[in-house]
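Worksheet for the structure shown next.
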Amino acid sequence: MRFAIRFAVLVLSYLSVAGGAWAHFNLNQNVRIFHIVRNDSGLNVMLRTPMAYVLADKVGPAGTDGLPRPAPFTTNELQDGVVMHLVDVEALRRAPFALADIVLNELVIEQADGRLQGHIVNLKVYPIGQEPGFATKAEATEALAATAINIGSDQQVYVGDTVVDIWLTFGDASDAAYALSMLSNPGLAGQDETANLILNYHNGETQTYRAKGLLAEPIEITGTASSAAATFVVEGVRHIIEGIDHVLFVLCMVIGSLNLKALLARVTGFTLGHSVTLIMGFFGLAPSAPWFIPAVETAIAMTIILAAADAVFQRSGGKHSYLVAAGVTAGVGLLHGFGFSFMLREILKVDADNVWQSLLAFNVGVEIGQLMIVLVTWPLVVILRRMPTSVWIGARAFIAASISVVALIWVVERFSLLIT
């Protein structure tokens with residue numbers, strides 16, 4: 001019992017730090033989109049990437065003035081004691097393709113015969129917020145119809161507030177599968193949470209792949225629907241496992257279930273609820289006001305406290321039917337589904353190709369992740385139930401109370417952001 005308590009304290013201490021106030025927005029800040037079109041001339045790659053990913057690791061050592069040597073196409077300024085990196089617009093206008101050349105050297109596309117050799121077709125640069133759509137092949141082609149630096153000479157734009165569109169072609173590509181990776185390591189905070197969306201077009205079909213991180217490890221693009229869907233299944237699993245608030249809610253469902261039938265009823269209700277609002281939120285069928293996201297996040301934290309209380313006060317022989325249990329968790333699932341949708345909507349745009357396949361695969365991944373949590377925790381609950389009643393009641397109360405403390409911290413943090 002003492003070991004279980006100590007273990008729970010360690011785990012929950014970690015969760016309180018790792019979960020933070022915003023569990024759904026880590027991937028929204030760093031998104032790269034690849035449109036890869038196969039045709040008779042080989043592979044055409046149209047890439048949208050934040051400019052910081054291209055240049056952050058090109059900053060040189062500090063000089064006598066205390067400022068680092070600027071990366072290509074940038075200037076440095078000391079603002080309030082902090083080094084800020086600005087876009088050198090004139091340098092970009094003089095040699096725009098030199099920026100694209102950096103990406104060309106760091107983008108690796110390999111087939112059986114080795115690395116493919118690429119060439120630059122076009123480049124455009126925009127301040128973030130002024131870039132055109134890039135969710136479909138048509139939008140990407142239109143965005144890269146001409147070379148342009150869409151920043152005025154008199155504008156002061158930070159590198160971190162700039163996006164780059166680049167069109168590359170690889171003429172020696174065969175019709176076989178290929179692997180895509182990136183050599184760069186920009187050293188940015190949160191870069192391991194980078195969301196990469198890779199759309200592969202071939203023979204009139206589109207497969208959408210999802211990968212996380214810097215793509216240091218190659219992602220295999222086989223061109224099959226199953227391989228593309230599998231990447232969204234993996235992301236769905238990762239999202240619920242790393243979304244600590246969802247993990248804690250599922251844990252409360254498990255310890256609050258009187259038997260296996262009650263557990264199945266709760267899990268089924270939660271699945272139905274979050275599936276509905278995942279789809280609704282993704283397609284924009286939800287309020288768009290600034291208060292909505294923080295309100296949902298706050299409500300999710302509150303549901304954890306309610307689930308923990310329900311787990312403690314459930315008693316054998318209670319009047320809660322399986323149908324009522326399923327209905328309650330379905331209602332709670334509606335909130336959690338919106339939480340899932342916020343992240344996915346920022347990465348996979350509504351007008352993207354094969355959006356339904358990717359959306360459903362992500363939801364399947366969420367269910368698999370939820371099932372993994374249940375399969376790990378339910379046997380432990382069964383073991384504890386077979387111990388003396390005082391042991392089970394004490395362990396359940398301690399776990400529920402610890403979870404409630406963590407969730408209460410989140411409620412305070414998230415509510416404070418809601419009202420500011």
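Quick note on naming: the chains in the structure tokens go A, B, ... in the order shown, residues restart at 1 in each chain, and ligands are numbered from 1 in order of appearance.
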
Practice item. Identify all residues of segment 71-187 of chain A in alpha helix (DSSP H) (DSSP on the backbone) and supply them as number ranges by chain. Key: A: 89-94, 96-106, 137-143

Exercise for review: Apply DSSP to the structure's backbone, then extract all residues of segment 10-230 of chain A labelled strand (DSSP E) and return them as number ranges by chain.
Suggested key: A: 31-39, 42-50, 74-79, 82-87, 107-111, 114-115, 119-127, 148-149, 162-170, 178-182, 195-202, 205-212, 219-221

For Trp356 of chain A, find every residue with an atom within 12 Å (counting only C-alpha atoms), except residues of its own chain fewer than 6 positions away, and show them as a compact mmCIF listing (two decimals) with C-alpha atoms, in the first residue's frame.
# COMPACT_ATOMS: atom_id res chain seq x y z
CA GLN A 207 -2.72 9.93 -49.67
CA THR A 208 -2.25 12.18 -46.65
CA ALA A 229 -4.17 6.31 -42.60
CA PHE A 232 -3.10 9.40 -38.35
CA LEU A 278 -14.41 15.78 -32.84
CA ILE A 279 -16.18 15.85 -36.19
CA PHE A 282 -13.12 19.90 -37.04
CA PHE A 283 -15.70 21.13 -39.55
CA LEU A 348 -5.50 19.15 -41.36
CA LYS A 349 -7.55 21.84 -43.06
CA VAL A 350 -11.20 21.21 -43.86
CA PHE A 362 -7.22 9.88 -36.11
CA ASN A 363 -10.38 8.99 -34.16

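Residue nearest Gly152 of chain A within the list A:Pro127, A:Pro132, A:Gly118, A:Pro61: A:Pro127 [criterion: smallest interatomic distance, only C-alpha atoms].
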
Exercise for review: With a distance cut-off of 10 Å and only C-alpha atoms, select the neighbouring residues of Leu67 of chain A, excluding the residue or stretch itself and same-chain residues fewer than 5 positions from it, and output the selection as a ChimeraX atom specification.
Suggested key: /A:60-62,76-78,82-84

Review point. Can you tell me, as an MDAnalysis selection string, what residues are no more than 12 Å from segment 379-387 of chain A when counting only C-alpha atoms, ignoring any on the same chain fewer than 2 positions away?
Key: chainID A and resid 1 4 251:260 263 311 316 372:377 389:396 399

Check your understanding: Leaving out segment 246-250 of chain A and any residue of its chain fewer than 2 positions from it, which residues lie within 8 Å of it when counting only C-alpha atoms, given as a PyMOL selection string?
Key -> chain A and resi 240-244+252-254+303-304+307-308+336+370+373-374+403

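Here atom CA of Asp101 of chain A and atom CA of Thr147 of chain A stand 14.1 Å from one another.
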
**Study point:** Selection near Arg48 of chain A, 6 Å with only C-alpha atoms, sequence-local residues under 2 positions removed, as a count of residues only
**Key:** 4

**Study point:** Pick from A:Leu285, A:Ala326, A:Leu168, A:Leu306, whichever lies nearest to Phe342 of chain A using only C-alpha atoms
**Key:** A:Leu285

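Between atom CA of Gln130 of chain A and atom CA of Ile102 of chain A there is a distance of 23.2 Å.
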